[in-house]
file run-v1.pdb (PDB, C-alpha atoms)
MODEL        1
ATOM      1  CA  MET A 210     -11.991 -59.959-105.378
ATOM      2  CA  ILE A 211      -9.560 -59.711-102.433
ATOM      3  CA  LEU A 212      -5.956 -59.838-103.587
ATOM      4  CA  LYS A 213      -3.222 -60.511-101.035
ATOM      5  CA  PHE A 214       0.481 -60.155-101.730
ATOM      6  CA  ASN A 215       3.012 -62.753-100.650
ATOM      7  CA  LYS A 216       6.545 -61.785 -99.562
ATOM      8  CA  ASN A 217       8.032 -62.375-103.012
ATOM      9  CA  GLN A 218       5.474 -60.094-104.651
ATOM     10  CA  VAL A 219       6.077 -57.355-102.103
ATOM     11  CA  LYS A 220       9.817 -57.547-102.739
ATOM     12  CA  ARG A 221       9.460 -57.802-106.529
ATOM     13  CA  PHE A 222       7.260 -54.712-106.810
ATOM     14  CA  SER A 223       8.635 -52.776-103.837
ATOM     15  CA  ARG A 224      10.104 -49.972-105.976
ATOM     16  CA  GLN A 225       6.682 -49.386-107.509
ATOM     17  CA  ILE A 226       4.650 -49.820-104.356
ATOM     18  CA  VAL A 227       6.757 -47.184-102.577
ATOM     19  CA  LEU A 228       5.639 -44.563-105.116
ATOM     20  CA  LYS A 229       2.879 -42.488-103.551
ATOM     21  CA  ASP A 230       0.879 -42.530-106.796
ATOM     22  CA  ILE A 231       0.886 -46.359-106.838
ATOM     23  CA  GLY A 232       1.089 -47.996-103.436
ATOM     24  CA  VAL A 233      -0.481 -51.363-102.643
ATOM     25  CA  LEU A 234      -3.852 -50.455-104.153
ATOM     26  CA  GLY A 235      -2.227 -49.333-107.394
ATOM     27  CA  GLN A 236      -0.168 -52.504-107.643
ATOM     28  CA  LYS A 237      -3.343 -54.522-107.225
ATOM     29  CA  LYS A 238      -4.889 -52.617-110.144
ATOM     30  CA  ILE A 239      -1.879 -53.495-112.295
ATOM     31  CA  ILE A 240      -2.057 -57.181-111.341
ATOM     32  CA  GLN A 241      -5.775 -57.282-112.171
ATOM     33  CA  SER A 242      -5.375 -55.557-115.556
ATOM     34  CA  LYS A 243      -5.714 -57.096-119.020
ATOM     35  CA  VAL A 244      -3.619 -55.629-121.854
ATOM     36  CA  LEU A 245      -3.398 -56.639-125.513
ATOM     37  CA  ILE A 246      -0.340 -55.859-127.662
ATOM     38  CA  ILE A 247      -0.863 -56.048-131.407
ATOM     39  CA  GLY A 248       2.451 -56.621-133.182
ATOM     40  CA  MET A 249       5.484 -58.118-131.420
ATOM     41  CA  GLY A 250       8.142 -56.137-133.244
ATOM     42  CA  GLY A 251      10.187 -53.095-132.311
ATOM     43  CA  LEU A 252       7.313 -51.506-130.371
ATOM     44  CA  GLY A 253       5.617 -54.603-129.008
ATOM     45  CA  CYS A 254       8.734 -56.206-127.503
ATOM     46  CA  PRO A 255       9.678 -53.402-125.061
ATOM     47  CA  ALA A 256       6.014 -52.719-124.291
ATOM     48  CA  ALA A 257       5.430 -56.380-123.412
ATOM     49  CA  GLU A 258       8.616 -56.614-121.372
ATOM     50  CA  TYR A 259       7.935 -53.564-119.209
ATOM     51  CA  LEU A 260       4.280 -54.415-118.652
ATOM     52  CA  THR A 261       5.305 -57.909-117.569
ATOM     53  CA  ARG A 262       7.958 -56.493-115.239
ATOM     54  CA  ALA A 263       5.370 -54.082-113.820
ATOM     55  CA  GLY A 264       3.125 -57.018-112.927
ATOM     56  CA  VAL A 265       0.266 -56.831-115.429
ATOM     57  CA  GLY A 266      -1.938 -59.829-114.703
ATOM     58  CA  CYS A 267      -2.981 -60.819-118.219
ATOM     59  CA  LEU A 268      -1.092 -59.936-121.375
ATOM     60  CA  GLY A 269      -2.260 -60.817-124.867
ATOM     61  CA  ILE A 270       0.264 -60.763-127.733
ATOM     62  CA  ILE A 271      -0.578 -61.132-131.405
ATOM     63  CA  ASP A 272       1.710 -61.507-134.437
ATOM     64  CA  SER A 273       1.811 -63.915-137.369
ATOM     65  CA  ASP A 274       5.515 -63.509-138.192
ATOM     66  CA  ASN A 275       8.628 -65.536-137.444
ATOM     67  CA  ILE A 276      11.866 -63.945-136.229
ATOM     68  CA  ASP A 277      14.327 -62.762-138.864
ATOM     69  CA  LEU A 278      17.975 -61.770-138.439
ATOM     70  CA  SER A 279      17.075 -58.200-139.436
ATOM     71  CA  ASN A 280      14.728 -57.959-136.423
ATOM     72  CA  LEU A 281      17.416 -58.371-133.783
ATOM     73  CA  HIS A 282      18.757 -54.814-133.721
ATOM     74  CA  ARG A 283      15.469 -53.461-132.345
ATOM     75  CA  GLN A 284      13.188 -56.310-131.212
ATOM     76  CA  SER A 285      14.537 -56.716-127.723
ATOM     77  CA  LEU A 286      12.981 -60.019-126.640
ATOM     78  CA  TYR A 287      14.761 -62.075-129.319
ATOM     79  CA  ASP A 288      18.315 -63.317-129.860
ATOM     80  CA  ILE A 289      20.297 -65.204-132.474
ATOM     81  CA  ASP A 290      19.024 -68.591-131.300
ATOM     82  CA  ASP A 291      15.447 -67.510-132.022
ATOM     83  CA  ILE A 292      15.863 -67.025-135.797
ATOM     84  CA  ASN A 293      12.950 -68.576-137.763
ATOM     85  CA  LYS A 294      10.942 -69.220-134.595
ATOM     86  CA  SER A 295       7.487 -67.765-134.013
ATOM     87  CA  LYS A 296       7.590 -64.286-132.473
ATOM     88  CA  VAL A 297       4.655 -64.858-130.134
ATOM     89  CA  THR A 298       5.664 -68.281-128.820
ATOM     90  CA  THR A 299       9.243 -67.087-128.292
ATOM     91  CA  ALA A 300       8.077 -63.892-126.610
ATOM     92  CA  LYS A 301       5.810 -65.857-124.274
ATOM     93  CA  LYS A 302       8.719 -68.031-123.116
ATOM     94  CA  LYS A 303      10.905 -64.977-122.478
ATOM     95  CA  LEU A 304       8.138 -63.090-120.661
ATOM     96  CA  LYS A 305       7.301 -66.052-118.420
ATOM     97  CA  LYS A 306      10.956 -66.137-117.328
ATOM     98  CA  ILE A 307      10.682 -62.473-116.363
ATOM     99  CA  ASN A 308       7.435 -62.868-114.407
ATOM    100  CA  SER A 309       5.798 -66.272-114.213
ATOM    101  CA  GLN A 310       2.714 -64.753-112.579
ATOM    102  CA  THR A 311       1.740 -62.813-115.705
ATOM    103  CA  LYS A 312      -0.697 -64.856-117.799
ATOM    104  CA  VAL A 313       0.407 -64.581-121.431
ATOM    105  CA  ASP A 314      -2.115 -65.381-124.168
ATOM    106  CA  TYR A 315      -0.586 -65.580-127.622
ATOM    107  CA  TYR A 316      -2.191 -65.451-131.056
ATOM    108  CA  LYS A 317      -0.032 -66.519-134.005
ATOM    109  CA  THR A 318      -2.219 -64.848-136.567
ATOM    110  CA  LYS A 319      -2.686 -61.575-138.364
ATOM    111  CA  LEU A 320      -5.392 -59.374-136.926
ATOM    112  CA  ASN A 321      -8.184 -58.965-139.453
ATOM    113  CA  PHE A 322     -11.833 -57.991-139.765
ATOM    114  CA  TYR A 323     -12.972 -61.516-138.897
ATOM    115  CA  ASN A 324     -10.975 -62.158-135.707
ATOM    116  CA  CYS A 325     -10.616 -58.590-134.425
ATOM    117  CA  GLU A 326     -13.694 -58.456-132.214
ATOM    118  CA  LYS A 327     -13.172 -61.926-130.740
ATOM    119  CA  ILE A 328      -9.619 -61.099-129.645
ATOM    120  CA  ILE A 329      -9.814 -57.432-128.622
ATOM    121  CA  LYS A 330     -12.982 -57.712-126.543
ATOM    122  CA  LYS A 331     -11.115 -59.830-123.942
ATOM    123  CA  TYR A 332      -8.837 -56.918-122.950
ATOM    124  CA  ASP A 333      -9.318 -53.493-121.378
ATOM    125  CA  TYR A 334      -6.236 -51.718-122.741
ATOM    126  CA  ILE A 335      -4.893 -52.015-126.270
ATOM    127  CA  ILE A 336      -1.388 -51.235-127.552
ATOM    128  CA  ASP A 337      -1.042 -50.883-131.308
ATOM    129  CA  GLY A 338       2.458 -51.837-132.418
ATOM    130  CA  SER A 339       1.448 -52.713-135.979
ATOM    131  CA  ASP A 340       3.419 -51.651-139.037
ATOM    132  CA  ASN A 341       0.705 -50.992-141.628
ATOM    133  CA  PHE A 342      -2.197 -48.596-141.874
ATOM    134  CA  GLU A 343      -4.822 -51.196-142.748
ATOM    135  CA  THR A 344      -4.274 -52.808-139.345
ATOM    136  CA  LYS A 345      -4.015 -49.462-137.541
ATOM    137  CA  PHE A 346      -7.357 -48.311-138.943
ATOM    138  CA  LEU A 347      -8.960 -51.657-138.072
ATOM    139  CA  ILE A 348      -7.731 -51.437-134.470
ATOM    140  CA  ASN A 349      -8.773 -47.806-134.223
ATOM    141  CA  ASP A 350     -12.288 -48.456-135.531
ATOM    142  CA  PHE A 351     -12.968 -51.433-133.283
ATOM    143  CA  CYS A 352     -11.563 -49.731-130.159
ATOM    144  CA  LYS A 353     -13.704 -46.689-130.907
ATOM    145  CA  HIS A 354     -16.804 -48.832-131.351
ATOM    146  CA  SER A 355     -16.189 -50.812-128.151
ATOM    147  CA  LYS A 356     -14.880 -47.826-126.122
ATOM    148  CA  LYS A 357     -11.471 -49.352-125.394
ATOM    149  CA  PHE A 358      -8.413 -47.363-124.281
ATOM    150  CA  LEU A 359      -5.926 -47.403-127.157
ATOM    151  CA  VAL A 360      -2.273 -46.370-127.366
ATOM    152  CA  THR A 361      -0.961 -46.156-130.926
ATOM    153  CA  ALA A 362       2.614 -45.477-132.005
ATOM    154  CA  ALA A 363       4.469 -45.219-135.295
ATOM    155  CA  ILE A 364       8.222 -45.129-135.897
ATOM    156  CA  SER A 365      10.455 -44.356-138.860
ATOM    157  CA  LYS A 366      14.136 -43.424-139.184
ATOM    158  CA  PHE A 367      14.859 -41.268-136.081
ATOM    159  CA  ASP A 368      11.234 -40.254-135.452
ATOM    160  CA  GLY A 369       8.344 -41.447-133.336
ATOM    161  CA  HIS A 370       4.669 -40.547-133.089
ATOM    162  CA  ILE A 371       2.430 -41.555-130.203
ATOM    163  CA  PHE A 372      -1.304 -41.129-129.608
ATOM    164  CA  THR A 373      -3.616 -42.165-126.771
ATOM    165  CA  PHE A 374      -7.351 -42.479-127.322
ATOM    166  CA  ASN A 375      -9.859 -42.742-124.495
ATOM    167  CA  PHE A 376     -12.909 -43.722-126.504
ATOM    168  CA  LYS A 377     -15.217 -43.621-123.499
ATOM    169  CA  ASN A 378     -15.202 -39.877-124.170
ATOM    170  CA  LYS A 379     -17.409 -39.252-127.227
ATOM    171  CA  LYS A 380     -15.464 -36.101-128.094
ATOM    172  CA  THR A 381     -12.207 -38.009-128.499
ATOM    173  CA  PRO A 382     -10.757 -37.781-132.026
ATOM    174  CA  CYS A 383      -9.356 -40.940-133.584
ATOM    175  CA  ILE A 384      -6.385 -41.832-135.740
ATOM    176  CA  ARG A 385      -8.436 -41.064-138.863
ATOM    177  CA  SER A 386      -8.361 -37.428-137.751
ATOM    178  CA  PHE A 387      -4.593 -37.415-138.350
ATOM    179  CA  PHE A 388      -3.973 -40.016-141.052
ATOM    180  CA  GLN A 389      -6.430 -39.981-143.952
ATOM    181  CA  GLU A 390      -6.423 -43.147-146.019
ATOM    182  CA  GLU A 391      -6.223 -41.500-149.433
ATOM    183  CA  LYS A 392      -3.119 -39.522-148.396
ATOM    184  CA  ILE A 393      -0.981 -42.202-146.793
ATOM    185  CA  SER A 394       1.335 -45.019-147.773
ATOM    186  CA  ASP A 395       2.596 -47.957-145.747
ATOM    187  CA  ASP A 396       6.103 -46.891-146.776
ATOM    188  CA  MET A 397       5.809 -44.379-143.897
ATOM    189  CA  LEU A 398       5.853 -47.319-141.469
ATOM    190  CA  ASN A 399       8.120 -49.685-143.378
ATOM    191  CA  CYS A 400      11.439 -50.183-141.585
ATOM    192  CA  GLU A 401      12.809 -52.151-144.522
ATOM    193  CA  ASN A 402      12.429 -49.175-146.863
ATOM    194  CA  GLU A 403      12.821 -46.224-144.501
ATOM    195  CA  GLY A 404      15.104 -47.699-141.830
ATOM    196  CA  ILE A 405      14.834 -47.279-138.057
ATOM    197  CA  LEU A 406      17.316 -46.704-135.254
ATOM    198  CA  GLY A 407      16.796 -49.501-132.736
ATOM    199  CA  THR A 408      16.778 -47.202-129.704
ATOM    200  CA  VAL A 409      13.879 -45.206-131.189
ATOM    201  CA  ALA A 410      11.745 -48.351-131.267
ATOM    202  CA  GLY A 411      12.729 -49.188-127.682
ATOM    203  CA  ILE A 412      11.866 -45.724-126.381
ATOM    204  CA  MET A 413       8.516 -45.578-128.145
ATOM    205  CA  GLY A 414       7.466 -49.081-127.065
ATOM    206  CA  SER A 415       8.397 -48.234-123.474
ATOM    207  CA  PHE A 416       6.424 -45.008-123.859
ATOM    208  CA  GLN A 417       3.354 -47.018-124.868
ATOM    209  CA  ALA A 418       3.694 -49.258-121.808
ATOM    210  CA  ASN A 419       4.048 -46.173-119.609
ATOM    211  CA  GLU A 420       0.826 -44.646-120.969
ATOM    212  CA  VAL A 421      -1.099 -47.868-120.330
ATOM    213  CA  LEU A 422       0.200 -48.121-116.754
ATOM    214  CA  LYS A 423      -0.817 -44.517-116.065
ATOM    215  CA  LYS A 424      -4.309 -45.274-117.353
ATOM    216  CA  ILE A 425      -4.596 -48.442-115.268
ATOM    217  CA  LEU A 426      -3.599 -46.398-112.206
ATOM    218  CA  SER A 427      -5.679 -43.314-113.153
ATOM    219  CA  ILE A 428      -2.691 -41.014-112.610
ATOM    220  CA  GLY A 429      -1.042 -38.181-114.506
ATOM    221  CA  ASN A 430      -2.026 -36.675-117.835
ATOM    222  CA  ASP A 431      -2.467 -38.501-121.110
ATOM    223  CA  LEU A 432      -2.321 -37.514-124.765
ATOM    224  CA  ASN A 433      -6.050 -37.878-125.391
ATOM    225  CA  GLY A 434      -6.821 -35.460-128.210
ATOM    226  CA  TYR A 435      -3.152 -34.868-129.027
ATOM    227  CA  ILE A 436      -0.255 -36.447-130.897
ATOM    228  CA  LEU A 437       3.259 -36.311-129.482
ATOM    229  CA  ILE A 438       5.880 -36.058-132.242
ATOM    230  CA  LEU A 439       9.456 -36.907-131.266
ATOM    231  CA  ASP A 440      12.527 -36.218-133.393
ATOM    232  CA  PHE A 441      15.318 -38.088-131.622
ATOM    233  CA  LEU A 442      17.992 -36.982-134.075
ATOM    234  CA  ASN A 443      17.600 -33.276-133.309
ATOM    235  CA  LEU A 444      15.850 -33.642-129.936
ATOM    236  CA  ASN A 445      12.767 -31.743-131.042
ATOM    237  CA  PHE A 446       9.575 -32.830-129.274
ATOM    238  CA  ARG A 447       6.173 -31.261-129.861
ATOM    239  CA  LYS A 448       2.589 -31.961-128.868
ATOM    240  CA  VAL A 449      -0.072 -31.175-131.456
ATOM    241  CA  ARG A 450      -3.821 -31.052-130.891
ATOM    242  CA  LEU A 451      -5.950 -33.381-133.005
ATOM    243  CA  ASN A 452      -9.192 -31.891-134.237
ATOM    244  CA  LYS A 453     -12.084 -34.352-134.449
ATOM    245  CA  ILE A 454     -13.275 -34.677-138.022
ATOM    246  CA  LYS A 455     -17.034 -34.680-138.481
ATOM    247  CA  ASN A 456     -18.584 -38.115-139.048
ATOM    248  CA  VAL A 457     -15.264 -39.828-138.239
TER     249      VAL A 457
ENDMDL
END
call {"tool": "encode", "arguments": {"input": "run-v1.pdb", "output": "structure tokens"}}
result
Amino acid sequence: MILKFNKNQVKRFSRQIVLKDIGVLGQKKIIQSKVLIIGMGGLGCPAAEYLTRAGVGCLGIIDSDNIDLSNLHRQSLYDIDDINKSKVTTAKKKLKKINSQTKVDYYKTKLNFYNCEKIIKKYDYIIDGSDNFETKFLINDFCKHSKKFLVTAAISKFDGHIFTFNFKNKKTPCIRSFFQEEKISDDMLNCENEGILGTVAGIMGSFQANEVLKKILSIGNDLNGYILILDFLNLNFRKVRLNKIKNV
């Protein structure tokens, strides 16, 4: 497929195209990419916004929730007029105003065992912005099975965790190598119980978008096989190797 830029596109993406690691060919890769974001909350909103601004050609967004007043301090695509509206339909309208050329598919549903394959198989890159471990494990397992590139993040209080998994590499560990079901609780991801500083969500969601763009462009290093742990309160950041667990 031959993709030609018009003058508006050249101007819109000029600050990216000028980067030697991107250029015209890299921008074409971004425009031809298909990314799915699961969860349009504190992580999904900034991830969706920056991918749309970068020029991603097709963006899928999935979330079953409506917007609540308590969401507004961290979920950056929504405002006071959006209370009680669907997150995905509202996000689509906002994203189309940012870049009308990005195709936005929305799914007002909760990802589950029955719809997971049908939805995820349409996309090449997956961002997990979910807030419960049942969904995280489901996404992990399907992406591993179908060899998708997955970026997972978790946030709580002043802390963030981020993983990238390139499942085309058989030696890649998965999220089950770090979180084991019998030892975890969804309270670890529950903003209502634990609290979250809004800027932490914004940084981590932007981080997820950045990792996907690097993968689309085949540039830089990723976190495959590692977890990056960020303590924004004390500014302690560390990268820890994940060891692949046998039969996982």
call {"tool": "residues_around", "arguments": {"input": "run-v1.pdb", "residues": "Ala256 in chain A", "least_positions_apart": "6", "cutoff": "8 Å", "atoms": "only C-alpha atoms", "output": "MDAnalysis selection string"}}
result
chainID A and resid 246 414:418
call {"tool": "closest_atom_pairs", "arguments": {"input": "run-v1.pdb", "of": "range 328-438 of chain A", "to": "range 305-315 of chain A", "cutoff": "12 Å", "atoms": "all atoms listed in the file", "output": "CSV"}}
result
residue,atom,partner,partner_atom,distance
A:Ile328,CA,A:Asp314,CA,10.2
A:Ile329,CA,A:Asp314,CA,11.9
A:Lys331,CA,A:Asp314,CA,10.6
A:Tyr332,CA,A:Asp314,CA,10.9
call {"tool": "atom_distance", "arguments": {"input": "run-v1.pdb", "atom1": "CA of Leu268 in chain A", "atom2": "CA of Thr299 in chain A"}}
result
14.3 Å
call {"tool": "atom_distance", "arguments": {"input": "run-v1.pdb", "atom1": "CA of Gly253 in chain A", "atom2": "CA of Gly338 in chain A"}}
result
5.4 Å
call {"tool": "resolve_selection", "arguments": {"input": "run-v1.pdb", "expression": "the PyMOL selection byres ((chain A and resi 436) around 12)", "output": "ChimeraX atom specification"}}
result
/A:360-363,369-374,382-384,386-388,431-435,437-439,446-452
call {"tool": "atom_distance", "arguments": {"input": "run-v1.pdb", "atom1": "CA of Val265 in chain A", "atom2": "CA of Gly235 in chain A"}}
result
11.3 Å
call {"tool": "residues_around", "arguments": {"input": "run-v1.pdb", "residues": "Leu347 in chain A", "least_positions_apart": "3", "cutoff": "12 Å", "atoms": "all atoms listed in the file", "output": "CSV table (one decimal) with C-alpha atoms, in the coordinates of the input"}}
result
chain,number,residue,atom,x,y,z
A,247,ILE,CA,-0.9,-56.0,-131.4
A,319,LYS,CA,-2.7,-61.6,-138.4
A,320,LEU,CA,-5.4,-59.4,-136.9
A,321,ASN,CA,-8.2,-59.0,-139.5
A,322,PHE,CA,-11.8,-58.0,-139.8
A,323,TYR,CA,-13.0,-61.5,-138.9
A,324,ASN,CA,-11.0,-62.2,-135.7
A,325,CYS,CA,-10.6,-58.6,-134.4
A,326,GLU,CA,-13.7,-58.5,-132.2
A,329,ILE,CA,-9.8,-57.4,-128.6
A,337,ASP,CA,-1.0,-50.9,-131.3
A,339,SER,CA,1.4,-52.7,-136.0
A,341,ASN,CA,0.7,-51.0,-141.6
A,342,PHE,CA,-2.2,-48.6,-141.9
A,343,GLU,CA,-4.8,-51.2,-142.7
A,344,THR,CA,-4.3,-52.8,-139.3
A,350,ASP,CA,-12.3,-48.5,-135.5
A,351,PHE,CA,-13.0,-51.4,-133.3
A,352,CYS,CA,-11.6,-49.7,-130.2
A,353,LYS,CA,-13.7,-46.7,-130.9
A,354,HIS,CA,-16.8,-48.8,-131.4
A,383,CYS,CA,-9.4,-40.9,-133.6
A,384,ILE,CA,-6.4,-41.8,-135.7
A,385,ARG,CA,-8.4,-41.1,-138.9
A,390,GLU,CA,-6.4,-43.1,-146.0
call {"tool": "resolve_selection", "arguments": {"input": "run-v1.pdb", "expression": "the PyMOL selection byres ((chain A and resi 212) around 12)", "output": "PyMOL selection string"}}
result
chain A and resi 210-211+213-215+218+233-241+266
call {"tool": "closest_residue", "arguments": {"input": "run-v1.pdb", "among": "A:Gly250, A:Leu422, A:Asp333, A:Phe346", "to": "Asp274 in chain A", "atoms": "only C-alpha atoms"}}
result
A:Gly250
call {"tool": "resolve_selection", "arguments": {"input": "run-v1.pdb", "expression": "the PyMOL selection byres ((chain A and resi 275-279) around 6)", "output": "ChimeraX atom specification"}}
result
/A:274,280-281,292-296
call {"tool": "write_last_selection", "arguments": {"input": "run-v1.pdb", "atoms": "C-alpha atoms", "output": "mmCIF file, in the frame of the given file"}}
result
data_model
loop_
_atom_site.group_PDB
_atom_site.id
_atom_site.type_symbol
_atom_site.label_atom_id
_atom_site.label_comp_id
_atom_site.auth_asym_id
_atom_site.auth_seq_id
_atom_site.Cartn_x
_atom_site.Cartn_y
_atom_site.Cartn_z
ATOM 1 C CA ASP A 274 5.515 -63.509 -138.192
ATOM 2 C CA ASN A 280 14.728 -57.959 -136.423
ATOM 3 C CA LEU A 281 17.416 -58.371 -133.783
ATOM 4 C CA ILE A 292 15.863 -67.025 -135.797
ATOM 5 C CA ASN A 293 12.950 -68.576 -137.763
ATOM 6 C CA LYS A 294 10.942 -69.220 -134.595
ATOM 7 C CA SER A 295 7.487 -67.765 -134.013
ATOM 8 C CA LYS A 296 7.590 -64.286 -132.473
#
call {"tool": "residues_near_point", "arguments": {"input": "run-v1.pdb", "point": "(-5.0, -54.9, -122.6)", "cutoff": "6 Å", "atoms": "all atoms listed in the file", "output": "JSON, numbers by chain"}}
result
{"A": [243, 244, 245, 332, 333, 334, 335]}
call {"tool": "residues_around", "arguments": {"input": "run-v1.pdb", "residues": "Leu286 in chain A", "least_positions_apart": "4", "cutoff": "7 Å", "atoms": "only C-alpha atoms", "output": "PyMOL selection string"}}
result
chain A and resi 254+300+303
call {"tool": "closest_residue", "arguments": {"input": "run-v1.pdb", "among": "A:Gly404, A:Leu304, A:Val219, A:Lys327", "to": "Gly232 in chain A", "atoms": "all atoms listed in the file"}}
result
A:Val219
call {"tool": "axis_aligned_box", "arguments": {"input": "run-v1.pdb", "around": "range 292-305 of chain A", "padding_each_side": "3 Å", "output": "JSON"}}
result
{"center_x": 10.3, "center_y": -66.2, "center_z": -128.1, "size_x": 17.2, "size_y": 12.1, "size_z": 25.3}
call {"tool": "closest_residue", "arguments": {"input": "run-v1.pdb", "among": "A:Asn217, A:Lys345, A:Lys377, A:Lys317", "to": "Ser273 in chain A", "atoms": "all atoms listed in the file"}}
result
A:Lys317
call {"tool": "build_atoms", "arguments": {"input": "run-v1.pdb", "residues": "range 301-321 of chain A", "atoms": "N, CA and C atoms", "output": "mmCIF file, keeping the file's coordinate frame"}}
result
data_model
loop_
_atom_site.group_PDB
_atom_site.id
_atom_site.type_symbol
_atom_site.label_atom_id
_atom_site.label_comp_id
_atom_site.auth_asym_id
_atom_site.auth_seq_id
_atom_site.Cartn_x
_atom_site.Cartn_y
_atom_site.Cartn_z
ATOM 1 N N LYS A 301 6.470 -65.313 -125.467
ATOM 2 C CA LYS A 301 5.810 -65.857 -124.274
ATOM 3 C C LYS A 301 6.823 -66.541 -123.358
ATOM 4 N N LYS A 302 7.714 -67.339 -123.928
ATOM 5 C CA LYS A 302 8.719 -68.031 -123.116
ATOM 6 C C LYS A 302 9.620 -67.037 -122.389
ATOM 7 N N LYS A 303 10.029 -65.982 -123.087
ATOM 8 C CA LYS A 303 10.905 -64.977 -122.478
ATOM 9 C C LYS A 303 10.167 -64.219 -121.378
ATOM 10 N N LEU A 304 8.919 -63.861 -121.636
ATOM 11 C CA LEU A 304 8.138 -63.090 -120.661
ATOM 12 C C LEU A 304 7.839 -63.912 -119.409
ATOM 13 N N LYS A 305 7.577 -65.198 -119.584
ATOM 14 C CA LYS A 305 7.301 -66.052 -118.420
ATOM 15 C C LYS A 305 8.535 -66.205 -117.533
ATOM 16 N N LYS A 306 9.729 -66.106 -118.130
ATOM 17 C CA LYS A 306 10.956 -66.137 -117.328
ATOM 18 C C LYS A 306 11.127 -64.854 -116.528
ATOM 19 N N ILE A 307 10.608 -63.752 -117.068
ATOM 20 C CA ILE A 307 10.682 -62.473 -116.363
ATOM 21 C C ILE A 307 9.707 -62.440 -115.201
ATOM 22 N N ASN A 308 8.454 -62.874 -115.454
ATOM 23 C CA ASN A 308 7.435 -62.868 -114.407
ATOM 24 C C ASN A 308 6.460 -64.003 -114.681
ATOM 25 N N SER A 309 6.626 -65.086 -113.973
ATOM 26 C CA SER A 309 5.798 -66.272 -114.213
ATOM 27 C C SER A 309 4.344 -66.060 -113.812
ATOM 28 N N GLN A 310 4.076 -65.005 -113.041
ATOM 29 C CA GLN A 310 2.714 -64.753 -112.579
ATOM 30 C C GLN A 310 1.861 -64.028 -113.615
ATOM 31 N N THR A 311 2.501 -63.453 -114.629
ATOM 32 C CA THR A 311 1.740 -62.813 -115.705
ATOM 33 C C THR A 311 1.226 -63.891 -116.656
ATOM 34 N N LYS A 312 -0.085 -63.920 -116.855
ATOM 35 C CA LYS A 312 -0.697 -64.856 -117.799
ATOM 36 C C LYS A 312 -0.496 -64.293 -119.205
ATOM 37 N N VAL A 313 0.129 -65.050 -120.074
ATOM 38 C CA VAL A 313 0.407 -64.581 -121.431
ATOM 39 C C VAL A 313 -0.407 -65.410 -122.421
ATOM 40 N N ASP A 314 -1.342 -64.753 -123.091
ATOM 41 C CA ASP A 314 -2.115 -65.381 -124.168
ATOM 42 C C ASP A 314 -1.467 -64.993 -125.487
ATOM 43 N N TYR A 315 -1.199 -65.957 -126.350
ATOM 44 C CA TYR A 315 -0.586 -65.580 -127.622
ATOM 45 C C TYR A 315 -1.465 -66.014 -128.796
ATOM 46 N N TYR A 316 -1.404 -65.214 -129.845
ATOM 47 C CA TYR A 316 -2.191 -65.451 -131.056
ATOM 48 C C TYR A 316 -1.240 -65.367 -132.253
ATOM 49 N N LYS A 317 -0.908 -66.514 -132.826
ATOM 50 C CA LYS A 317 -0.032 -66.519 -134.005
ATOM 51 C C LYS A 317 -0.909 -66.360 -135.242
ATOM 52 N N THR A 318 -1.330 -65.157 -135.460
ATOM 53 C CA THR A 318 -2.219 -64.848 -136.567
ATOM 54 C C THR A 318 -2.105 -63.370 -136.887
ATOM 55 N N LYS A 319 -2.609 -62.986 -138.024
ATOM 56 C CA LYS A 319 -2.686 -61.575 -138.364
ATOM 57 C C LYS A 319 -4.058 -61.066 -137.982
ATOM 58 N N LEU A 320 -4.111 -59.954 -137.290
ATOM 59 C CA LEU A 320 -5.392 -59.374 -136.926
ATOM 60 C C LEU A 320 -6.127 -58.963 -138.197
ATOM 61 N N ASN A 321 -7.397 -59.335 -138.284
ATOM 62 C CA ASN A 321 -8.184 -58.965 -139.453
ATOM 63 C C ASN A 321 -9.636 -58.701 -139.051
#
